[in-house]
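One file, my_file-v9.cif, is given below (mmCIF, C-alpha atoms).
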data_model
loop_
_atom_site.group_PDB
_atom_site.id
_atom_site.type_symbol
_atom_site.label_atom_id
_atom_site.label_comp_id
_atom_site.auth_asym_id
_atom_site.auth_seq_id
_atom_site.Cartn_x
_atom_site.Cartn_y
_atom_site.Cartn_z
ATOM 1 C CA MET I 372 54.890 175.773 -87.391
ATOM 2 C CA ASN I 373 52.158 175.350 -89.961
ATOM 3 C CA ALA I 374 53.210 173.059 -92.851
ATOM 4 C CA ILE I 375 51.202 172.892 -96.051
ATOM 5 C CA THR I 376 50.586 169.389 -97.308
ATOM 6 C CA PRO I 377 48.653 168.100 -100.320
ATOM 7 C CA HIS I 378 45.820 167.207 -97.983
ATOM 8 C CA SER I 379 45.769 170.574 -96.243
ATOM 9 C CA SER I 380 42.409 172.255 -96.073
ATOM 10 C CA SER I 381 43.943 175.675 -96.711
ATOM 11 C CA GLY I 382 44.474 174.613 -100.380
ATOM 12 C CA SER I 383 46.253 177.823 -101.358
ATOM 13 C CA THR I 384 49.628 176.314 -102.307
ATOM 14 C CA SER I 385 51.273 172.938 -102.515
ATOM 15 C CA HIS I 386 54.874 171.827 -102.622
ATOM 16 C CA TYR I 387 53.943 169.009 -104.993
ATOM 17 C CA PRO I 388 53.627 169.370 -108.761
ATOM 18 C CA SER I 389 50.111 169.508 -110.100
ATOM 19 C CA ALA I 390 48.695 166.347 -111.572
ATOM 20 C CA HIS I 391 49.601 165.764 -115.228
ATOM 21 C CA VAL I 392 46.601 166.176 -117.481
ATOM 22 C CA ALA I 393 46.652 163.627 -120.294
ATOM 23 C CA GLN I 394 46.243 165.100 -123.758
ATOM 24 C CA ALA I 395 44.266 163.319 -126.451
ATOM 25 C CA ILE I 396 46.091 161.687 -129.345
ATOM 26 C CA GLU I 397 45.354 163.471 -132.627
ATOM 27 C CA THR I 398 46.047 162.618 -136.255
ATOM 28 C CA HIS I 399 47.608 165.389 -138.362
ATOM 29 C CA THR I 400 48.531 165.668 -142.037
ATOM 30 C CA LEU I 401 51.698 167.699 -142.610
ATOM 31 C CA ALA I 402 52.811 169.013 -146.007
ATOM 32 C CA VAL I 403 56.559 169.646 -146.139
ATOM 33 C CA ILE I 404 58.300 171.394 -149.053
ATOM 34 C CA VAL I 405 61.948 170.306 -149.315
ATOM 35 C CA ASP I 406 64.893 170.465 -151.704
ATOM 36 C CA ASN I 407 64.758 167.557 -154.130
ATOM 37 C CA GLU I 408 68.205 166.137 -153.507
ATOM 38 C CA PRO I 409 69.672 162.839 -152.289
ATOM 39 C CA GLY I 410 69.345 162.146 -148.571
ATOM 40 C CA VAL I 411 66.617 164.688 -147.765
ATOM 41 C CA LEU I 412 63.872 162.084 -147.350
ATOM 42 C CA ALA I 413 66.159 159.972 -145.143
ATOM 43 C CA ARG I 414 66.847 163.001 -142.932
ATOM 44 C CA VAL I 415 63.142 163.822 -142.572
ATOM 45 C CA ILE I 416 62.270 160.203 -141.793
ATOM 46 C CA GLY I 417 65.236 160.039 -139.403
ATOM 47 C CA LEU I 418 63.705 162.892 -137.418
ATOM 48 C CA PHE I 419 60.589 160.773 -136.864
ATOM 49 C CA SER I 420 62.294 157.466 -136.106
ATOM 50 C CA GLY I 421 65.019 159.017 -133.959
ATOM 51 C CA ARG I 422 62.458 160.536 -131.632
ATOM 52 C CA GLY I 423 59.990 157.644 -131.633
ATOM 53 C CA TYR I 424 57.314 159.440 -133.661
ATOM 54 C CA ASN I 425 55.143 157.177 -135.822
ATOM 55 C CA ILE I 426 54.357 157.777 -139.491
ATOM 56 C CA GLU I 427 50.888 156.580 -140.489
ATOM 57 C CA SER I 428 51.259 157.541 -144.157
ATOM 58 C CA LEU I 429 54.037 158.990 -146.313
ATOM 59 C CA THR I 430 54.015 160.240 -149.907
ATOM 60 C CA VAL I 431 56.775 162.071 -151.734
ATOM 61 C CA SER I 432 57.039 163.556 -155.207
ATOM 62 C CA GLU I 433 58.822 166.330 -157.030
ATOM 63 C CA THR I 434 56.362 169.193 -157.443
ATOM 64 C CA GLU I 435 58.479 171.999 -158.916
ATOM 65 C CA HIS I 436 61.016 170.688 -161.411
ATOM 66 C CA GLN I 437 62.725 174.029 -162.191
ATOM 67 C CA ARG I 438 63.228 174.888 -158.517
ATOM 68 C CA HIS I 439 64.110 171.254 -157.600
ATOM 69 C CA LEU I 440 61.479 171.087 -154.875
ATOM 70 C CA SER I 441 59.581 168.061 -153.598
ATOM 71 C CA ARG I 442 56.515 167.769 -151.422
ATOM 72 C CA ILE I 443 56.443 165.265 -148.590
ATOM 73 C CA THR I 444 53.012 164.542 -147.150
ATOM 74 C CA VAL I 445 53.225 162.873 -143.732
ATOM 75 C CA VAL I 446 50.313 161.670 -141.629
ATOM 76 C CA THR I 447 51.327 161.249 -137.999
ATOM 77 C CA ARG I 448 49.691 160.864 -134.605
ATOM 78 C CA GLY I 449 50.488 162.420 -131.248
ATOM 79 C CA THR I 450 49.388 164.787 -128.555
ATOM 80 C CA PRO I 451 49.080 168.450 -129.552
ATOM 81 C CA MET I 452 52.435 169.060 -127.829
ATOM 82 C CA VAL I 453 54.142 166.267 -129.815
ATOM 83 C CA ILE I 454 52.628 167.495 -133.105
ATOM 84 C CA GLU I 455 53.937 170.982 -132.357
ATOM 85 C CA GLN I 456 57.406 169.532 -131.603
ATOM 86 C CA ILE I 457 57.393 167.635 -134.905
ATOM 87 C CA LYS I 458 56.452 170.771 -136.873
ATOM 88 C CA ASN I 459 59.094 172.885 -135.118
ATOM 89 C CA GLN I 460 61.832 170.294 -135.624
ATOM 90 C CA LEU I 461 60.932 169.869 -139.306
ATOM 91 C CA ASP I 462 60.926 173.647 -139.761
ATOM 92 C CA ARG I 463 64.495 173.872 -138.402
ATOM 93 C CA MET I 464 65.891 171.327 -140.876
ATOM 94 C CA VAL I 465 68.098 172.931 -143.559
ATOM 95 C CA PRO I 466 66.539 171.379 -146.700
ATOM 96 C CA VAL I 467 62.997 172.193 -145.484
ATOM 97 C CA HIS I 468 61.456 175.312 -147.039
ATOM 98 C CA ARG I 469 57.995 175.165 -145.486
ATOM 99 C CA VAL I 470 55.868 173.045 -143.134
ATOM 100 C CA VAL I 471 52.077 173.333 -143.221
ATOM 101 C CA ASP I 472 49.742 171.456 -140.901
ATOM 102 C CA MET I 473 46.894 170.684 -143.302
ATOM 103 C CA THR I 474 44.725 169.481 -140.408
ATOM 104 C CA VAL I 475 44.883 172.808 -138.574
ATOM 105 C CA SER I 476 44.047 174.826 -141.703
ATOM 106 C CA GLY I 477 40.764 172.887 -141.862
ATOM 107 C CA ARG I 478 40.432 173.549 -145.567
ATOM 108 C CA ALA I 479 42.392 170.612 -146.943
ATOM 109 C CA ILE I 480 41.262 167.937 -149.340
ATOM 110 C CA GLU I 481 42.815 164.551 -148.569
ATOM 111 C CA ARG I 482 42.764 161.589 -150.943
ATOM 112 C CA GLU I 483 44.396 158.211 -151.309
ATOM 113 C CA LEU I 484 44.510 155.760 -154.195
ATOM 114 C CA ALA I 485 44.444 151.991 -153.797
ATOM 115 C CA MET I 486 44.595 149.015 -156.117
ATOM 116 C CA VAL I 487 42.641 146.062 -154.732
ATOM 117 C CA LYS I 488 42.950 142.546 -156.151
ATOM 118 C CA VAL I 489 40.003 140.191 -155.602
ATOM 119 C CA ARG I 490 39.791 136.556 -156.719
ATOM 120 C CA GLY I 491 36.375 134.983 -157.051
ATOM 121 C CA LYS I 492 33.817 133.190 -159.172
ATOM 122 C CA GLY I 493 30.049 133.119 -159.396
ATOM 123 C CA ASP I 494 28.148 135.097 -156.766
ATOM 124 C CA HIS I 495 31.342 136.439 -155.140
ATOM 125 C CA ARG I 496 32.441 137.887 -158.474
ATOM 126 C CA VAL I 497 29.060 139.532 -159.073
ATOM 127 C CA GLU I 498 28.984 140.960 -155.530
ATOM 128 C CA ALA I 499 32.537 142.325 -155.870
ATOM 129 C CA LEU I 500 31.523 144.138 -159.077
ATOM 130 C CA ARG I 501 28.340 145.489 -157.447
ATOM 131 C CA LEU I 502 30.269 146.844 -154.457
ATOM 132 C CA ALA I 503 32.948 148.314 -156.725
ATOM 133 C CA ASP I 504 30.234 150.185 -158.595
ATOM 134 C CA ALA I 505 28.738 151.472 -155.333
ATOM 135 C CA PHE I 506 32.181 152.740 -154.241
ATOM 136 C CA ARG I 507 32.950 154.165 -157.697
ATOM 137 C CA ALA I 508 35.956 151.851 -158.015
ATOM 138 C CA ARG I 509 37.135 151.141 -161.564
ATOM 139 C CA VAL I 510 38.114 147.749 -162.931
ATOM 140 C CA ILE I 511 41.674 148.193 -164.272
ATOM 141 C CA ASP I 512 42.422 144.503 -164.858
ATOM 142 C CA ALA I 513 40.170 141.484 -165.235
ATOM 143 C CA THR I 514 40.690 137.762 -165.764
ATOM 144 C CA VAL I 515 38.185 134.916 -165.551
ATOM 145 C CA GLU I 516 39.244 134.415 -161.915
ATOM 146 C CA SER I 517 40.109 137.895 -160.615
ATOM 147 C CA PHE I 518 39.735 141.659 -160.764
ATOM 148 C CA VAL I 519 42.008 144.531 -159.885
ATOM 149 C CA PHE I 520 40.013 147.569 -158.782
ATOM 150 C CA GLU I 521 41.291 151.141 -158.570
ATOM 151 C CA ILE I 522 39.635 153.208 -155.867
ATOM 152 C CA THR I 523 40.295 156.805 -154.886
ATOM 153 C CA GLY I 524 38.964 158.663 -151.883
ATOM 154 C CA ALA I 525 39.338 159.304 -148.195
ATOM 155 C CA ALA I 526 41.292 156.670 -146.267
ATOM 156 C CA ASP I 527 38.195 155.512 -144.358
ATOM 157 C CA LYS I 528 36.338 154.916 -147.648
ATOM 158 C CA ILE I 529 39.200 152.722 -148.865
ATOM 159 C CA ASP I 530 39.342 150.906 -145.505
ATOM 160 C CA GLN I 531 35.615 150.166 -145.783
ATOM 161 C CA PHE I 532 35.935 148.919 -149.378
ATOM 162 C CA VAL I 533 38.842 146.637 -148.453
ATOM 163 C CA SER I 534 36.948 145.190 -145.471
ATOM 164 C CA LEU I 535 33.937 144.432 -147.698
ATOM 165 C CA MET I 536 36.208 142.669 -150.206
ATOM 166 C CA LEU I 537 37.738 140.392 -147.539
ATOM 167 C CA PRO I 538 34.975 137.748 -147.558
ATOM 168 C CA LEU I 539 34.694 137.976 -151.358
ATOM 169 C CA GLY I 540 38.263 136.809 -151.994
ATOM 170 C CA LEU I 541 40.603 139.719 -151.275
ATOM 171 C CA VAL I 542 44.105 138.766 -152.439
ATOM 172 C CA GLU I 543 46.205 141.925 -152.224
ATOM 173 C CA VAL I 544 46.035 145.678 -151.582
ATOM 174 C CA SER I 545 48.491 148.374 -152.663
ATOM 175 C CA ARG I 546 47.931 151.905 -151.332
ATOM 176 C CA THR I 547 49.630 155.177 -152.242
ATOM 177 C CA GLY I 548 49.324 156.921 -148.904
ATOM 178 C CA ILE I 549 47.472 160.166 -148.337
ATOM 179 C CA VAL I 550 48.025 163.284 -150.420
ATOM 180 C CA ALA I 551 46.529 166.620 -149.405
ATOM 181 C CA ILE I 552 46.042 170.076 -150.836
ATOM 182 C CA ALA I 553 44.364 173.196 -149.436
ATOM 183 C CA ARG I 554 41.111 174.447 -150.937
ATOM 184 C CA GLY I 555 40.974 177.849 -152.571
ATOM 185 C CA PRO I 556 43.219 179.821 -154.920
ATOM 186 C CA GLU I 557 46.264 180.180 -152.641
ATOM 187 C CA GLY I 558 49.226 177.810 -152.773
ATOM 188 C CA MET I 559 51.378 176.631 -149.916
#
Spell out the structure here as structure tokens.
Amino acid sequence: MNAITPHSSSGSTSHYPSAHVAQAIETHTLAVIVDNEPGVLARVIGLFSGRGYNIESLTVSETEHQRHLSRITVVTRGTPMVIEQIKNQLDRMVPVHRVVDMTVSGRAIERELAMVKVRGKGDHRVEALRLADAFRARVIDATVESFVFEITGAADKIDQFVSLMLPLGLVEVSRTGIVAIARGPEGM
């Protein structure tokens, strides 16, 4: 009797499952067109929380008033298999009209807006204004002790601006979350 074991030199077959290959965690931006009605956002978010999926960023707004449609932009992380599960489960929801993975299309423009409050005097104030100019941030409120800057751009640009403002007297940050749209003439 010749038994095949995992350590067998014949190597043709094994009775043990193959080793699990770990997949890399990826970040994806999903655009979801839904009916604009009460409870839809809660149902979409419930899909994520109920299955342990994390939401990195979430924005929602009505985009087609006559048709009562809203666009939910969700940034989430997971393995390619988990991302595919999320898209399939969203697609099966009744109030969902369309799900587009903006990351896969490769032709999306992503932006975020932030308001950044900085308190400072003297050299810190001058440096905050200089950095704001370099980042193309606008001053939208100013007092003798503080500024509120408005900055728009990619999330990493905003992260960098916020980290540079920390030692200069960062007080508060309010961010919109990421919005995305595909390049070119076609719509979703």
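Here atom CA of I:Glu481 is placed at a distance of 6.3 Å from atom CA of I:Ala525.
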TODO: Within 12 Å of I:Leu502, counting all atoms listed in the file, which residues show up once you throw out same-chain ones fewer than 2 positions away? Write them as an MDAnalysis selection string, please.
DONE: chainID I and resid 489 495:500 504:510 520 522 531:536 539
Open item on the list: Can you pull out the residues contacting stretch 427-439 of chain I? Cut-off 12 Å, using all atoms listed in the file, and skip same-chain residues under 5 positions away; I want them as an NGL selection string.
Closed with: :I and (397-409 or 411-413 or 415-416 or 419 or 444-449 or 466 or 468 or 481-484 or 526 or 546-551 or 559)
Task: Nearest candidate to I:Met452 (options I:Val519, I:Val487, I:Ala395, I:Met464; using all atoms listed in the file) - done: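 Checking each of I:Val519, I:Val487, I:Ala395, I:Met464 against I:Met452, counting all atoms listed in the file, the winner is I:Ala395.
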TODO: Have a look at atom CA of I:Asn459 and atom CA of I:Arg554 and let me know their distance in Å, one decimal.
DONE: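 Taking atom CA of I:Asn459 as the start and atom CA of I:Arg554 as the end point, the length is 24.0 Å.
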Task: Picked residues, the PyMOL selection byres ((chain I and resi 552) around 6), expected as a ChimeraX atom specification - done: /I:479-480,551,553
Store the residues picked out above in a file with C-alpha atoms, as an mmCIF file, in the frame of the given file.
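Printed below is out_31.cif as written:
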data_model
loop_
_atom_site.group_PDB
_atom_site.id
_atom_site.type_symbol
_atom_site.label_atom_id
_atom_site.label_comp_id
_atom_site.auth_asym_id
_atom_site.auth_seq_id
_atom_site.Cartn_x
_atom_site.Cartn_y
_atom_site.Cartn_z
ATOM 1 C CA ALA I 479 42.392 170.612 -146.943
ATOM 2 C CA ILE I 480 41.262 167.937 -149.340
ATOM 3 C CA ALA I 551 46.529 166.620 -149.405
ATOM 4 C CA ALA I 553 44.364 173.196 -149.436
#
TODO: May I ask which of the residues I:Leu440, I:Ile454, I:Ala513, I:Ala485 is the closest one to I:Arg469, counting only C-alpha atoms?
DONE: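 The closest residue to I:Arg469 is I:Leu440.
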Task: Option closest in space to I:Leu461, from I:Ala503, I:Leu418, I:Ile443, I:Met486 [counting all atoms listed in the file] - done: I:Leu418
Task: I:Gly417, I:Arg442, I:Glu455, I:Asp494 ranked by distance to I:Val475, top pick (using only C-alpha atoms) - done: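 For I:Val475, the nearest of the given residues is I:Glu455.
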Open item on the list: Please compute the atom CA of I:Arg463-atom CA of I:Gly477 distance, one decimal, in Å.
Closed with: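 Atom CA of I:Arg463 sits 24.0 Å away from atom CA of I:Gly477.
Taking only C-alpha atoms into account, I:Ser517 lies nearest to I:Lys488 out of the set I:Lys488, I:Val544, I:Gln456, I:Pro538.
Checking I:Gly410, I:Gly491, I:Pro451, I:Gly421 one by one against I:Ala393, counting all atoms listed in the file, you find the shortest gap at I:Pro451.
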